[in-house]
>>> print(open('structure-v8.cif').read())   # mmCIF, C-alpha atoms
data_final
#
loop_
_atom_site.label_atom_id
_atom_site.label_comp_id
_atom_site.auth_asym_id
_atom_site.auth_seq_id
_atom_site.Cartn_x
_atom_site.Cartn_y
_atom_site.Cartn_z
CA MET D 1 0.00 0.00 0.00
CA LYS D 2 2.84 2.45 0.83
CA THR D 3 4.44 1.77 -2.57
CA LYS D 4 1.20 2.57 -4.41
CA LEU D 5 0.79 5.82 -2.47
CA ALA D 6 4.41 6.82 -3.15
CA ILE D 7 4.01 6.13 -6.88
CA ILE D 8 0.73 8.05 -7.03
CA ALA D 9 2.29 10.95 -5.08
CA SER D 10 5.36 11.04 -7.34
CA LEU D 11 3.19 10.93 -10.49
CA PHE D 12 1.06 13.76 -9.14
CA ALA D 13 4.17 15.82 -8.28
CA ALA D 14 5.71 15.16 -11.72
CA ASN D 15 2.56 16.31 -13.50
CA SER D 16 1.91 19.38 -11.37
CA ALA D 17 2.47 22.69 -13.08
CA TYR D 18 3.23 25.86 -11.25
CA ALA D 19 2.35 29.00 -13.15
CA THR D 20 3.91 32.39 -12.79
CA VAL D 21 1.39 35.20 -13.01
CA GLU D 22 2.50 38.78 -13.58
CA LEU D 23 0.00 41.64 -13.26
CA TYR D 24 0.45 45.10 -14.74
CA SER D 25 -1.95 48.00 -14.15
CA GLY D 26 -3.36 50.00 -17.01
CA ALA D 27 -2.58 53.22 -15.14
CA ASN D 28 1.14 52.42 -14.99
CA ASN D 29 1.60 50.64 -18.31
CA CYS D 30 -0.66 52.48 -20.77
CA ALA D 31 -0.24 55.95 -22.25
CA LEU D 32 -1.57 58.16 -25.00
CA ASP D 33 0.31 58.05 -28.29
CA THR D 34 1.92 61.49 -27.98
CA LYS D 35 2.70 61.88 -31.67
CA LEU D 36 -0.91 61.18 -32.65
CA GLU D 37 -2.18 63.33 -29.76
CA ALA D 38 -0.16 66.36 -30.89
CA ALA D 39 -1.25 65.97 -34.51
CA ALA D 40 -4.92 65.50 -33.55
CA PHE D 41 -4.90 68.50 -31.22
CA THR D 42 -3.29 70.76 -33.83
CA LYS D 43 -5.79 69.62 -36.46
CA HIS D 44 -8.71 70.17 -34.06
CA ALA D 45 -7.43 73.56 -32.86
CA ASN D 46 -7.10 74.73 -36.46
CA ALA D 47 -10.74 73.73 -37.07
CA VAL D 48 -12.40 75.10 -33.89
CA GLY D 49 -9.87 77.52 -32.42
CA ASN D 50 -7.37 77.13 -29.59
CA LEU D 51 -9.71 78.02 -26.71
CA GLU D 52 -12.43 75.56 -27.75
CA ALA D 53 -9.84 72.83 -28.44
CA LEU D 54 -8.24 73.35 -25.01
CA THR D 55 -11.66 73.31 -23.30
CA GLN D 56 -12.55 70.02 -24.96
CA LYS D 57 -9.10 68.54 -24.25
CA HIS D 58 -9.41 69.30 -20.52
CA SER D 59 -12.94 67.91 -20.28
CA GLU D 60 -12.24 64.53 -21.88
CA GLN D 61 -11.46 61.28 -20.13
CA ALA D 62 -8.07 60.11 -21.38
CA GLY D 63 -5.38 58.88 -19.02
CA ALA D 64 -4.65 57.11 -15.75
CA THR D 65 -7.35 57.00 -13.07
CA GLY D 66 -6.97 56.83 -9.31
CA ASN D 67 -8.17 53.22 -9.21
CA GLY D 68 -5.43 51.86 -11.49
CA TYR D 69 -7.22 52.01 -14.84
CA PHE D 70 -6.26 53.78 -18.03
CA ILE D 71 -9.45 55.24 -19.53
CA PHE D 72 -9.86 56.42 -23.10
CA ASN D 73 -12.88 58.49 -24.13
CA PRO D 74 -11.62 61.24 -26.45
CA ALA D 75 -13.77 64.32 -27.00
CA TYR D 76 -12.65 64.96 -30.59
CA LEU D 77 -11.07 63.21 -33.61
CA ARG D 78 -11.73 59.79 -32.10
CA THR D 79 -10.60 57.91 -35.20
CA ASP D 80 -7.22 59.67 -35.24
CA ARG D 81 -6.24 58.81 -31.67
CA TYR D 82 -4.89 55.67 -29.98
CA PHE D 83 -3.30 54.65 -26.73
CA ASN D 84 -0.59 52.07 -26.15
CA CYS D 85 0.03 49.61 -23.35
CA SER D 86 3.46 48.00 -22.93
CA VAL D 87 4.63 45.26 -20.58
CA PRO D 88 8.08 43.66 -20.41
CA LEU D 89 8.71 40.08 -21.48
CA ASN D 90 11.81 38.11 -20.48
CA ALA D 91 13.85 35.01 -21.32
CA ASN D 92 11.84 32.92 -18.82
CA ILE D 93 8.69 33.31 -20.90
CA GLY D 94 7.91 30.89 -23.73
CA GLN D 95 4.24 30.29 -24.43
CA PHE D 96 2.03 32.38 -22.20
CA THR D 97 -1.57 33.40 -21.67
CA LEU D 98 -2.39 37.07 -22.02
CA THR D 99 -5.54 38.34 -20.33
CA VAL D 100 -6.60 41.98 -20.62
CA HIS D 101 -9.12 43.05 -17.97
CA GLY D 102 -10.98 46.30 -18.48
CA THR D 103 -14.27 48.14 -18.73
CA THR D 104 -16.42 49.60 -21.46
CA LYS D 105 -19.20 52.13 -21.14
CA GLY D 106 -21.75 53.35 -23.66
CA LEU D 107 -20.00 52.15 -26.80
CA THR D 108 -21.77 53.03 -30.02
CA GLY D 109 -20.19 52.82 -33.44
CA THR D 110 -17.47 50.47 -34.60
CA ASN D 111 -13.71 49.98 -34.82
CA ALA D 112 -12.93 49.95 -31.09
CA PHE D 113 -10.06 47.49 -30.91
CA CYS D 114 -6.64 46.56 -29.56
CA SER D 115 -3.97 45.01 -31.78
CA ILE D 116 -1.22 43.00 -30.10
CA SER D 117 2.45 43.02 -31.12
CA ARG D 118 5.83 42.09 -29.71
CA ILE D 119 8.63 44.62 -29.87
CA ARG D 120 12.08 43.06 -29.64
CA LYS D 121 15.63 44.35 -29.52
CA VAL D 122 17.65 42.77 -32.33
CA SER D 123 21.36 43.14 -33.04
CA ASP D 124 21.68 44.41 -36.59
CA GLY D 125 25.30 44.69 -37.71
CA GLY D 126 26.53 45.28 -34.17
CA ILE D 127 23.88 47.91 -33.49
CA ASP D 128 20.82 47.13 -31.36
CA LYS D 129 17.55 48.08 -33.05
CA TRP D 130 13.95 47.66 -31.94
CA PHE D 131 11.62 45.84 -34.34
CA LYS D 132 7.85 45.36 -34.05
CA PHE D 133 6.48 41.89 -34.83
CA LYS D 134 2.72 41.51 -35.29
CA THR D 135 1.23 38.52 -33.47
CA GLY D 136 -1.89 38.25 -35.60
CA LYS D 137 -3.92 38.69 -32.40
CA ALA D 138 -6.38 41.48 -31.73
CA PHE D 139 -9.74 42.04 -30.12
CA TYR D 140 -12.69 44.36 -30.57
CA TRP D 141 -14.03 45.99 -27.41
CA THR D 142 -17.53 45.72 -28.88
CA ASP D 143 -17.11 41.91 -29.27
CA ILE D 144 -16.35 41.44 -25.57
CA SER D 145 -19.09 43.86 -24.42
CA ASP D 146 -22.84 43.44 -24.25
CA PRO D 147 -24.30 45.96 -26.75
CA ASN D 148 -27.55 46.09 -24.75
CA VAL D 149 -25.80 47.47 -21.66
CA ALA D 150 -25.08 51.21 -21.75
CA GLU D 151 -23.64 51.35 -18.23
CA GLU D 152 -20.09 50.43 -17.31
CA GLN D 153 -19.38 46.74 -17.73
CA PHE D 154 -16.34 44.66 -16.85
CA VAL D 155 -14.82 42.80 -19.79
CA SER D 156 -11.83 40.53 -20.45
CA TYR D 157 -9.98 39.16 -23.43
CA THR D 158 -7.72 36.09 -23.25
CA THR D 159 -5.37 34.61 -25.85
CA MET D 160 -2.23 32.48 -26.09
CA LEU D 161 1.05 33.98 -27.34
CA ASP D 162 4.68 32.86 -27.58
CA ASN D 163 7.74 34.86 -26.55
CA ASN D 164 10.11 32.03 -27.61
CA TYR D 165 12.12 32.55 -24.38
CA GLU D 166 13.63 35.69 -25.90
CA SER D 167 15.04 38.46 -23.74
CA GLY D 168 14.74 42.16 -24.53
CA ALA D 169 11.11 41.94 -25.67
CA VAL D 170 8.05 44.03 -24.90
CA LEU D 171 4.39 43.15 -25.40
CA ASP D 172 2.61 46.09 -27.03
CA LEU D 173 -1.13 46.76 -27.27
CA LYS D 174 -2.28 49.55 -29.60
CA CYS D 175 -5.87 50.45 -28.72
CA ARG D 176 -8.65 52.84 -29.64
CA THR D 177 -12.34 53.37 -28.96
CA THR D 178 -15.25 53.72 -31.40
CA TRP D 179 -15.61 56.58 -33.86
CA ASP D 180 -18.94 57.58 -32.31
CA LYS D 181 -19.01 57.57 -28.49
CA GLY D 182 -18.24 55.55 -25.40
CA SER D 183 -15.21 54.74 -23.29
CA VAL D 184 -12.82 51.83 -22.99
CA ALA D 185 -10.44 51.27 -20.09
CA VAL D 186 -7.61 48.87 -19.35
CA GLY D 187 -7.47 47.83 -15.71
CA GLN D 188 -4.98 44.95 -15.64
CA ILE D 189 -2.79 43.16 -18.12
CA GLU D 190 -2.11 39.63 -16.89
CA LEU D 191 0.63 37.31 -18.14
CA SER D 192 0.51 33.67 -17.04
CA TYR D 193 3.28 31.22 -17.93
#
>>> encode(input="structure-v8.cif", output="structure tokens")
Amino acid sequence: MKTKLAIIASLFAANSAYATVELYSGANNCALDTKLEAAAFTKHANAVGNLEALTQKHSEQAGATGNGYFIFNPAYLRTDRYFNCSVPLNANIGQFTLTVHGTTKGLTGTNAFCSISRIRKVSDGGIDKWFKFKTGKAFYWTDISDPNVAEEQFVSYTTMLDNNYESGAVLDLKCRTTWDKGSVAVGQIELSY
């Protein structure tokens, strides 16, 4: 009987998997795309005047919140503006599960999405350069939200990715909201490997 228990215990221990989970807040790891922001503001200010453009800029919801989220609900030129979220990857990460936790509120219209890429430092002729590699993964905020709910709702997106145990890599999410109205927010980016 002791032998059977020892074999069962050793089989269980050999097949057990311990996962590492890393959590990154939207507030600390997401930011407006400054180049697009500057271009959009200049374009909008030229159309409506500096005072009106500044008033709208200060009244919009775009940036880190006190509860750890990064909210994006631009007041103007919604199709011209994006935000990016970046989290570090390391040589201990091969295949991993990415889960993005967030909220949506009052989305109407289309084209609210996040595309997912890996940015990696590559030695090119003795000089380190950063290259962006598309993963082929993306999600639409409207696909993970209930269109019948106008109030804030918690949403998540999960997918599998592979870092190939490469060091010097960054996971990059490029996100936007709909062209019409409504907000999206990233609360946590979770890596499990």
>>> closest_residue(input="structure-v8.cif", among="D:Ala38, D:Val48, D:Gly26, D:Tyr157", to="D:Gly66", atoms="all atoms listed in the file")
D:Gly26
>>> atom_distance(input="structure-v8.cif", atom1="atom CA of D:Glu22", atom2="atom CA of D:Lys134")
21.9 Å
>>> closest_residue(input="structure-v8.cif", among="D:Leu107, D:Ala19, D:Ala185, D:Cys30", to="D:Ser145", atoms="only C-alpha atoms")
D:Leu107
>>> residues_around(input="structure-v8.cif", residues="D:Asn84", least_positions_apart="5", cutoff="7 Å", atoms="all atoms listed in the file", output="ChimeraX atom specification")
/D:30-33,172-175
>>> atom_distance(input="structure-v8.cif", atom1="atom CA of D:Glu60", atom2="atom CA of D:Phe154")
20.9 Å
>>> resolve_selection(input="structure-v8.cif", expression="the PyMOL selection byres ((chain D and resi 142) around 9)", output="number ranges by chain")
D: 104, 107-113, 139-141, 143-147, 178
>>> axis_aligned_box(input="structure-v8.cif", around="stretch 135-151 of chain D", padding_each_side="5 Å", output="JSON")
{"center_x": -13.2, "center_y": 44.8, "center_z": -26.9, "size_x": 38.8, "size_y": 23.1, "size_z": 27.4}
>>> residues_around(input="structure-v8.cif", residues="D:Gln56", least_positions_apart="2", cutoff="12 Å", atoms="all atoms listed in the file", output="JSON, numbers by chain")
{"D": [41, 44, 45, 48, 49, 50, 51, 52, 53, 54, 58, 59, 60, 61, 62, 73, 74, 75, 76, 77]}
>>> residues_near_point(input="structure-v8.cif", point="(-4.5, 53.0, -34.1)", cutoff="8 Å", atoms="only C-alpha atoms", output="PDB file with C-alpha atoms, keeping the file's coordinate frame")
ATOM      1  CA  THR D  79     -10.600  57.910 -35.200  1.00  0.00           C
ATOM      2  CA  ASP D  80      -7.220  59.670 -35.240  1.00  0.00           C
ATOM      3  CA  ARG D  81      -6.240  58.810 -31.670  1.00  0.00           C
ATOM      4  CA  TYR D  82      -4.890  55.670 -29.980  1.00  0.00           C
ATOM      5  CA  PHE D  83      -3.300  54.650 -26.730  1.00  0.00           C
ATOM      6  CA  LYS D 174      -2.280  49.550 -29.600  1.00  0.00           C
ATOM      7  CA  CYS D 175      -5.870  50.450 -28.720  1.00  0.00           C
ATOM      8  CA  ARG D 176      -8.650  52.840 -29.640  1.00  0.00           C
TER       9      ARG D 176
END
>>> closest_residue(input="structure-v8.cif", among="D:Val149, D:Val170, D:Val122, D:Ile189", to="D:Gly68", atoms="all atoms listed in the file")
D:Ile189
>>> atom_distance(input="structure-v8.cif", atom1="atom CA of D:Gly187", atom2="atom CA of D:Tyr24")
8.4 Å
>>> closest_residue(input="structure-v8.cif", among="D:Ala39, D:Ala64, D:Lys129, D:Arg78", to="D:Asp180", atoms="only C-alpha atoms")
D:Arg78
>>> resolve_selection(input="structure-v8.cif", expression="the PyMOL selection byres ((chain D and resi 151) around 8)", output="ChimeraX atom specification")
/D:105-106,149-150,152-153
>>> closest_residue(input="structure-v8.cif", among="D:Val21, D:Asn163, D:His101, D:Gly136", to="D:Gln188", atoms="all atoms listed in the file")
D:His101
>>> closest_residue(input="structure-v8.cif", among="D:Thr42, D:Ser123, D:Gly94, D:Val100", to="D:Leu23", atoms="all atoms listed in the file")
D:Val100
>>> build_atoms(input="structure-v8.cif", residues="stretch 149-166 of chain D", atoms="N, CA and C atoms", output="PDB file, in the coordinates of the input")
ATOM      1  N   VAL D 149     -26.101  46.853 -22.955  1.00  0.00           N
ATOM      2  CA  VAL D 149     -25.800  47.470 -21.660  1.00  0.00           C
ATOM      3  C   VAL D 149     -25.057  48.782 -21.909  1.00  0.00           C
ATOM      4  N   ALA D 150     -25.684  49.894 -21.547  1.00  0.00           N
ATOM      5  CA  ALA D 150     -25.080  51.210 -21.750  1.00  0.00           C
ATOM      6  C   ALA D 150     -24.193  51.619 -20.579  1.00  0.00           C
ATOM      7  N   GLU D 151     -24.430  51.019 -19.423  1.00  0.00           N
ATOM      8  CA  GLU D 151     -23.640  51.350 -18.230  1.00  0.00           C
ATOM      9  C   GLU D 151     -22.273  50.674 -18.293  1.00  0.00           C
ATOM     10  N   GLU D 152     -21.423  51.039 -17.359  1.00  0.00           N
ATOM     11  CA  GLU D 152     -20.090  50.430 -17.310  1.00  0.00           C
ATOM     12  C   GLU D 152     -20.195  48.925 -17.114  1.00  0.00           C
ATOM     13  N   GLN D 153     -19.403  48.188 -17.884  1.00  0.00           N
ATOM     14  CA  GLN D 153     -19.380  46.740 -17.730  1.00  0.00           C
ATOM     15  C   GLN D 153     -17.928  46.258 -17.739  1.00  0.00           C
ATOM     16  N   PHE D 154     -17.669  45.242 -16.921  1.00  0.00           N
ATOM     17  CA  PHE D 154     -16.340  44.660 -16.850  1.00  0.00           C
ATOM     18  C   PHE D 154     -16.195  43.630 -17.964  1.00  0.00           C
ATOM     19  N   VAL D 155     -15.064  43.689 -18.652  1.00  0.00           N
ATOM     20  CA  VAL D 155     -14.820  42.800 -19.790  1.00  0.00           C
ATOM     21  C   VAL D 155     -13.416  42.221 -19.687  1.00  0.00           C
ATOM     22  N   SER D 156     -13.178  41.111 -20.371  1.00  0.00           N
ATOM     23  CA  SER D 156     -11.830  40.530 -20.450  1.00  0.00           C
ATOM     24  C   SER D 156     -11.641  39.874 -21.799  1.00  0.00           C
ATOM     25  N   TYR D 157     -10.390  39.839 -22.202  1.00  0.00           N
ATOM     26  CA  TYR D 157      -9.980  39.160 -23.430  1.00  0.00           C
ATOM     27  C   TYR D 157      -8.784  38.284 -23.081  1.00  0.00           C
ATOM     28  N   THR D 158      -8.809  37.023 -23.536  1.00  0.00           N
ATOM     29  CA  THR D 158      -7.720  36.090 -23.250  1.00  0.00           C
ATOM     30  C   THR D 158      -7.257  35.434 -24.551  1.00  0.00           C
ATOM     31  N   THR D 159      -5.944  35.298 -24.692  1.00  0.00           N
ATOM     32  CA  THR D 159      -5.370  34.610 -25.850  1.00  0.00           C
ATOM     33  C   THR D 159      -4.024  34.014 -25.459  1.00  0.00           C
ATOM     34  N   MET D 160      -3.551  33.096 -26.280  1.00  0.00           N
ATOM     35  CA  MET D 160      -2.230  32.480 -26.090  1.00  0.00           C
ATOM     36  C   MET D 160      -1.232  33.136 -27.043  1.00  0.00           C
ATOM     37  N   LEU D 161      -0.029  33.403 -26.532  1.00  0.00           N
ATOM     38  CA  LEU D 161       1.050  33.980 -27.340  1.00  0.00           C
ATOM     39  C   LEU D 161       2.349  33.241 -27.022  1.00  0.00           C
ATOM     40  N   ASP D 162       3.388  33.513 -27.792  1.00  0.00           N
ATOM     41  CA  ASP D 162       4.680  32.860 -27.580  1.00  0.00           C
ATOM     42  C   ASP D 162       5.795  33.895 -27.640  1.00  0.00           C
ATOM     43  N   ASN D 163       6.584  33.970 -26.585  1.00  0.00           N
ATOM     44  CA  ASN D 163       7.740  34.860 -26.550  1.00  0.00           C
ATOM     45  C   ASN D 163       9.020  34.135 -26.976  1.00  0.00           C
ATOM     46  N   ASN D 164       8.956  32.830 -27.174  1.00  0.00           N
ATOM     47  CA  ASN D 164      10.110  32.030 -27.610  1.00  0.00           C
ATOM     48  C   ASN D 164      11.312  32.153 -26.673  1.00  0.00           C
ATOM     49  N   TYR D 165      11.071  32.423 -25.404  1.00  0.00           N
ATOM     50  CA  TYR D 165      12.120  32.550 -24.380  1.00  0.00           C
ATOM     51  C   TYR D 165      13.154  33.610 -24.765  1.00  0.00           C
ATOM     52  N   GLU D 166      12.712  34.643 -25.457  1.00  0.00           N
ATOM     53  CA  GLU D 166      13.630  35.690 -25.900  1.00  0.00           C
ATOM     54  C   GLU D 166      13.680  36.819 -24.879  1.00  0.00           C
TER      55      GLU D 166
END
